[in-house]
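> File input-v2.cif below, mmCIF, C-alpha atoms:
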data_upload
loop_
_atom_site.label_atom_id
_atom_site.label_comp_id
_atom_site.auth_asym_id
_atom_site.auth_seq_id
_atom_site.Cartn_x
_atom_site.Cartn_y
_atom_site.Cartn_z
CA MET A 1 -5.27 -0.73 -0.21
CA ILE A 2 -8.62 0.18 -1.76
CA THR A 3 -9.88 -0.89 -5.16
CA ALA A 4 -12.52 1.20 -6.90
CA VAL A 5 -15.14 -0.92 -8.68
CA ILE A 6 -16.91 1.31 -11.17
CA ARG A 7 -20.06 0.25 -12.99
CA SER A 8 -20.12 1.82 -16.45
CA THR A 9 -23.24 3.11 -18.14
CA GLY A 10 -21.61 3.50 -21.54
CA ASP A 11 -21.34 7.28 -21.03
CA ALA A 12 -17.69 8.16 -21.72
CA ALA A 13 -17.91 11.63 -20.14
CA ALA A 14 -19.41 10.26 -16.91
CA LEU A 15 -16.79 7.53 -16.62
CA ALA A 16 -13.98 9.99 -17.34
CA ALA A 17 -15.27 12.36 -14.64
CA THR A 18 -15.33 9.62 -12.02
CA LEU A 19 -11.87 8.36 -12.94
CA ALA A 20 -10.44 11.91 -12.87
CA LEU A 21 -11.62 12.43 -9.29
CA LEU A 22 -9.93 9.21 -8.18
CA ILE A 23 -6.47 10.35 -9.27
CA PRO A 24 -5.59 12.06 -5.94
CA ALA A 25 -6.30 8.79 -4.10
CA VAL A 26 -3.93 6.98 -6.45
CA ALA A 27 -1.27 9.66 -5.92
CA GLU A 28 -1.62 9.30 -2.12
CA GLY A 29 -1.28 5.53 -2.35
CA VAL A 30 -4.73 4.84 -0.88
CA LEU A 31 -6.34 3.69 -4.11
CA GLY A 32 -4.20 1.09 -5.78
CA HIS A 33 -6.44 -0.42 -8.40
CA ALA A 34 -9.63 0.13 -10.38
CA VAL A 35 -12.00 -2.37 -11.95
CA LEU A 36 -14.34 -1.11 -14.65
CA VAL A 37 -17.47 -3.18 -15.17
CA GLY A 38 -19.47 -2.92 -18.38
CA ASP A 39 -22.30 -4.94 -19.84
CA ALA A 40 -22.30 -6.78 -23.17
CA GLU A 41 -22.95 -3.61 -25.16
CA ASP A 42 -20.58 -1.27 -23.30
CA ASP A 43 -17.32 -0.77 -25.18
CA VAL A 44 -16.59 2.46 -23.30
CA ALA A 45 -15.49 0.65 -20.13
CA ALA A 46 -13.25 -1.73 -22.07
CA ARG A 47 -11.57 1.18 -23.88
CA PHE A 48 -11.05 3.18 -20.67
CA ALA A 49 -9.64 0.15 -18.87
CA ASP A 50 -7.14 -0.38 -21.68
CA GLU A 51 -6.13 3.30 -21.67
CA THR A 52 -5.80 3.65 -17.87
CA GLY A 53 -4.40 0.27 -16.83
CA ALA A 54 -7.55 -0.64 -14.92
CA SER A 55 -8.98 -4.14 -15.02
CA TYR A 56 -12.07 -4.75 -17.12
CA VAL A 57 -14.95 -7.11 -16.38
CA ARG A 58 -17.97 -7.72 -18.58
CA ALA A 59 -21.07 -8.29 -16.43
CA GLY A 60 -24.70 -7.30 -16.32
CA PRO A 61 -26.04 -4.95 -13.62
CA ALA A 62 -27.14 -7.78 -11.31
CA ALA A 63 -23.68 -9.37 -11.14
CA ALA A 64 -21.54 -6.24 -11.58
CA TRP A 65 -20.48 -5.70 -7.96
CA ARG A 66 -19.67 -9.35 -7.27
CA GLN A 67 -17.74 -9.89 -10.50
CA GLY A 68 -15.93 -6.59 -10.06
CA ALA A 69 -14.98 -7.67 -6.53
CA GLU A 70 -13.59 -10.95 -7.85
CA ALA A 71 -11.18 -8.98 -10.07
CA ALA A 72 -10.25 -6.48 -7.33
CA ARG A 73 -6.81 -6.54 -5.76
CA GLY A 74 -7.56 -4.47 -2.65
CA ASP A 75 -8.88 -5.60 0.71
CA TRP A 76 -11.43 -2.78 0.70
CA LEU A 77 -13.68 -1.87 -2.21
CA LEU A 78 -15.26 1.45 -3.13
CA LEU A 79 -18.33 0.85 -5.30
CA LEU A 80 -19.18 3.65 -7.71
CA ASP A 81 -21.36 4.17 -10.74
CA ALA A 82 -19.87 6.05 -13.68
CA GLY A 83 -20.65 9.69 -13.06
CA ASP A 84 -20.32 9.47 -9.27
CA LEU A 85 -18.33 12.48 -8.13
CA PRO A 86 -17.16 12.39 -4.50
CA GLU A 87 -17.09 15.81 -2.85
CA PRO A 88 -13.78 17.42 -1.91
CA HIS A 89 -12.12 15.83 1.12
CA TRP A 90 -13.70 12.42 0.39
CA LEU A 91 -10.33 10.76 0.70
CA ALA A 92 -9.74 12.13 4.21
CA ALA A 93 -13.23 10.98 5.26
CA ILE A 94 -12.53 7.45 4.02
CA GLU A 95 -9.12 7.30 5.68
CA ARG A 96 -10.66 8.51 8.96
CA HIS A 97 -13.41 5.89 8.73
CA LEU A 98 -10.89 3.10 8.15
CA LEU A 99 -9.01 4.17 11.27
CA ALA A 100 -12.07 4.79 13.46
CA ALA A 101 -14.23 1.83 12.45
CA PRO A 102 -12.05 -0.93 10.97
CA GLY A 103 -14.14 -3.65 9.38
CA ALA A 104 -17.33 -1.58 9.25
CA PRO A 105 -18.84 -0.65 5.89
CA ALA A 106 -19.47 3.00 5.09
CA LEU A 107 -21.50 4.95 2.57
CA LEU A 108 -20.70 8.15 0.71
CA PRO A 109 -24.35 9.20 0.36
CA LEU A 110 -25.74 10.92 -2.69
CA SER A 111 -26.56 14.58 -2.51
CA GLY A 112 -29.38 16.32 -4.35
CA PHE A 113 -32.39 14.59 -5.87
CA GLY A 114 -30.80 11.14 -5.76
CA ALA A 115 -30.57 11.27 -1.97
CA LEU A 116 -34.23 10.52 -1.27
CA PRO A 117 -34.44 7.20 -3.18
CA GLU A 118 -31.10 6.16 -1.67
CA ARG A 119 -32.33 6.91 1.87
CA LEU A 120 -35.47 4.88 1.21
CA ALA A 121 -33.38 1.99 -0.14
CA LEU A 122 -31.21 2.10 3.00
CA LEU A 123 -34.30 1.84 5.18
CA LEU A 124 -35.74 -1.09 3.23
CA ALA A 125 -32.54 -2.96 2.37
CA GLY A 126 -29.76 -1.38 4.40
CA ARG A 127 -27.25 -4.19 3.91
CA ALA A 128 -27.67 -4.49 0.12
CA LEU A 129 -24.83 -3.55 -2.21
CA ARG A 130 -25.10 -0.16 -3.89
CA ALA A 131 -22.99 2.60 -5.40
CA GLY A 132 -21.22 4.75 -2.82
CA LEU A 133 -20.29 1.88 -0.52
CA LEU A 134 -16.88 1.33 1.01
CA ALA A 135 -16.70 -2.20 2.38
CA PRO A 136 -14.32 -5.11 2.96
CA LYS A 137 -13.95 -7.30 -0.11
CA PRO A 138 -15.39 -10.47 1.53
CA GLN A 139 -18.66 -8.65 2.23
CA ILE A 140 -18.98 -7.56 -1.39
CA LEU A 141 -18.21 -11.09 -2.58
CA ALA A 142 -20.92 -12.38 -0.22
CA GLY A 143 -23.41 -10.04 -1.91
CA ARG A 144 -24.54 -8.50 1.38
CA LEU A 145 -22.96 -6.32 4.02
CA ALA A 146 -22.38 -7.64 7.53
CA ARG A 147 -24.18 -4.59 8.91
CA VAL A 148 -25.86 -1.40 7.74
CA PRO A 149 -23.19 1.02 6.51
CA ARG A 150 -22.20 4.08 8.47
CA ARG A 151 -23.08 7.24 6.53
CA LEU A 152 -20.01 9.42 6.05
CA ARG A 153 -20.32 13.20 6.23
CA VAL A 154 -18.82 13.67 2.80
CA ARG A 155 -21.25 13.06 -0.07
CA ARG A 156 -21.10 12.26 -3.74
CA GLU A 157 -22.89 13.87 -6.63
CA ARG A 158 -23.95 12.26 -9.86
CA ALA A 159 -22.82 13.89 -13.10
CA ALA A 160 -25.52 14.67 -15.62
CA ALA A 161 -25.84 12.12 -18.42
CA GLY A 162 -23.92 12.97 -21.57
CA GLY A 163 -21.44 15.32 -20.00
CA VAL A 164 -20.01 16.97 -16.95
#
Is it possible to give me this structure as structure tokens?

Amino acid sequence: MITAVIRSTGDAAALAATLALLIPAVAEGVLGHAVLVGDAEDDVAARFADETGASYVRAGPAAAWRQGAEAARGDWLLLLDAGDLPEPHWLAAIERHLLAAPGAPALLPLSGFGALPERLALLLAGRALRAGLLAPKPQILAGRLARVPRRLRVRRERAAAGGV
């Protein structure tokens, strides 16, 4: 079972868009849980968690992934920022990866303008935690991946701030 750990930015529309795209994974039984992480001034994540049955964790950006992982129920975690929108067929790509490379982390890379900074970050700090990662829970709790993630063919977009 996979848990989605979603870092909130306080933008309700962005968080709603990300959660809406995760519904098919819940219906298929692949995604069993979500953890919404918001900072001290983010009431949006707390409200959405209450409305959707997700868990809620209050943490700053530096500790968000680790604290979200601590609250996760799944063995695998999908790290997303609010506004991340996986392309169609993302669920099949993740299921295929889990069958083909068990134990190996993967990345749903960003498309568009966000792709260049992400590629640079992968070159400089390939095993660091970041949005778009699918990894075993112990690796997220450790704060560093065991190896550089495998880039999946399916990408994710980032919704524009303030709306979708």
> Got a sec to resolve the PyMOL selection byres ((chain A and resi 38) around 10) on this structure and send the residues as a list in words?
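On this input, the PyMOL selection byres ((chain A and resi 38) around 10) captures Ile6, Arg7, Ser8, Thr9, Gly10, Val35, Leu36, Val37, Asp39, Ala40, Glu41, Asp42, Asp43, Val44, Ala45, Ala46, Tyr56, Val57, Arg58, Ala59, Gly60, Pro61, Ala64 and Gly68 of chain A.
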> Name the closest residue to A:Ala63 among the candidates A:Leu19, A:Leu78, A:Ala160, A:Ile140; distances are taken between atoms, counting all atoms listed in the file.
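Ranked by minimum distance to A:Ala63, first place goes to A:Ile140.
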> Write out as a list of chain:residue names which residues come within 6 Å of A:Trp76 when counting all atoms listed in the file, dropping same-chain ones fewer than 3 positions away.
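The neighbour list is A:Ile2, A:Ala135, A:Pro136, A:Lys137.
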> Pick the closest to A:Ile23 from A:Leu91, A:Leu99, A:Ala159, A:Ala128: which is it, counting all atoms listed in the file?
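Result for the nearest residue to A:Ile23: A:Leu91.
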> With all atoms of stretch 29-48 of chain A from the file as input, state the centre and edge lengths in Å to one decimal of the axis-aligned box that has 4 Å extra on each side, as lines of an AutoDock Vina configuration file.

center_x = -12.1
center_y = -0.6
center_z = -13.0
size_x = 29.7
size_y = 20.3
size_z = 32.3
> What does the distance from atom CA of A:Gln67 to atom CA of A:His89 come to in Å, to one decimal?
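Separation between atom CA of A:Gln67 and atom CA of A:His89: 28.8 Å.
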> What does the distance between atom CA of A:Leu107 and atom CA of A:Arg151 come to in Å, to one decimal place?
4.8 Å
> Find, counting all atoms listed in the file, the residue in A:Ala49, A:Leu110, A:Val26, A:Leu80 that gets nearest to A:Leu134.
A:Leu80
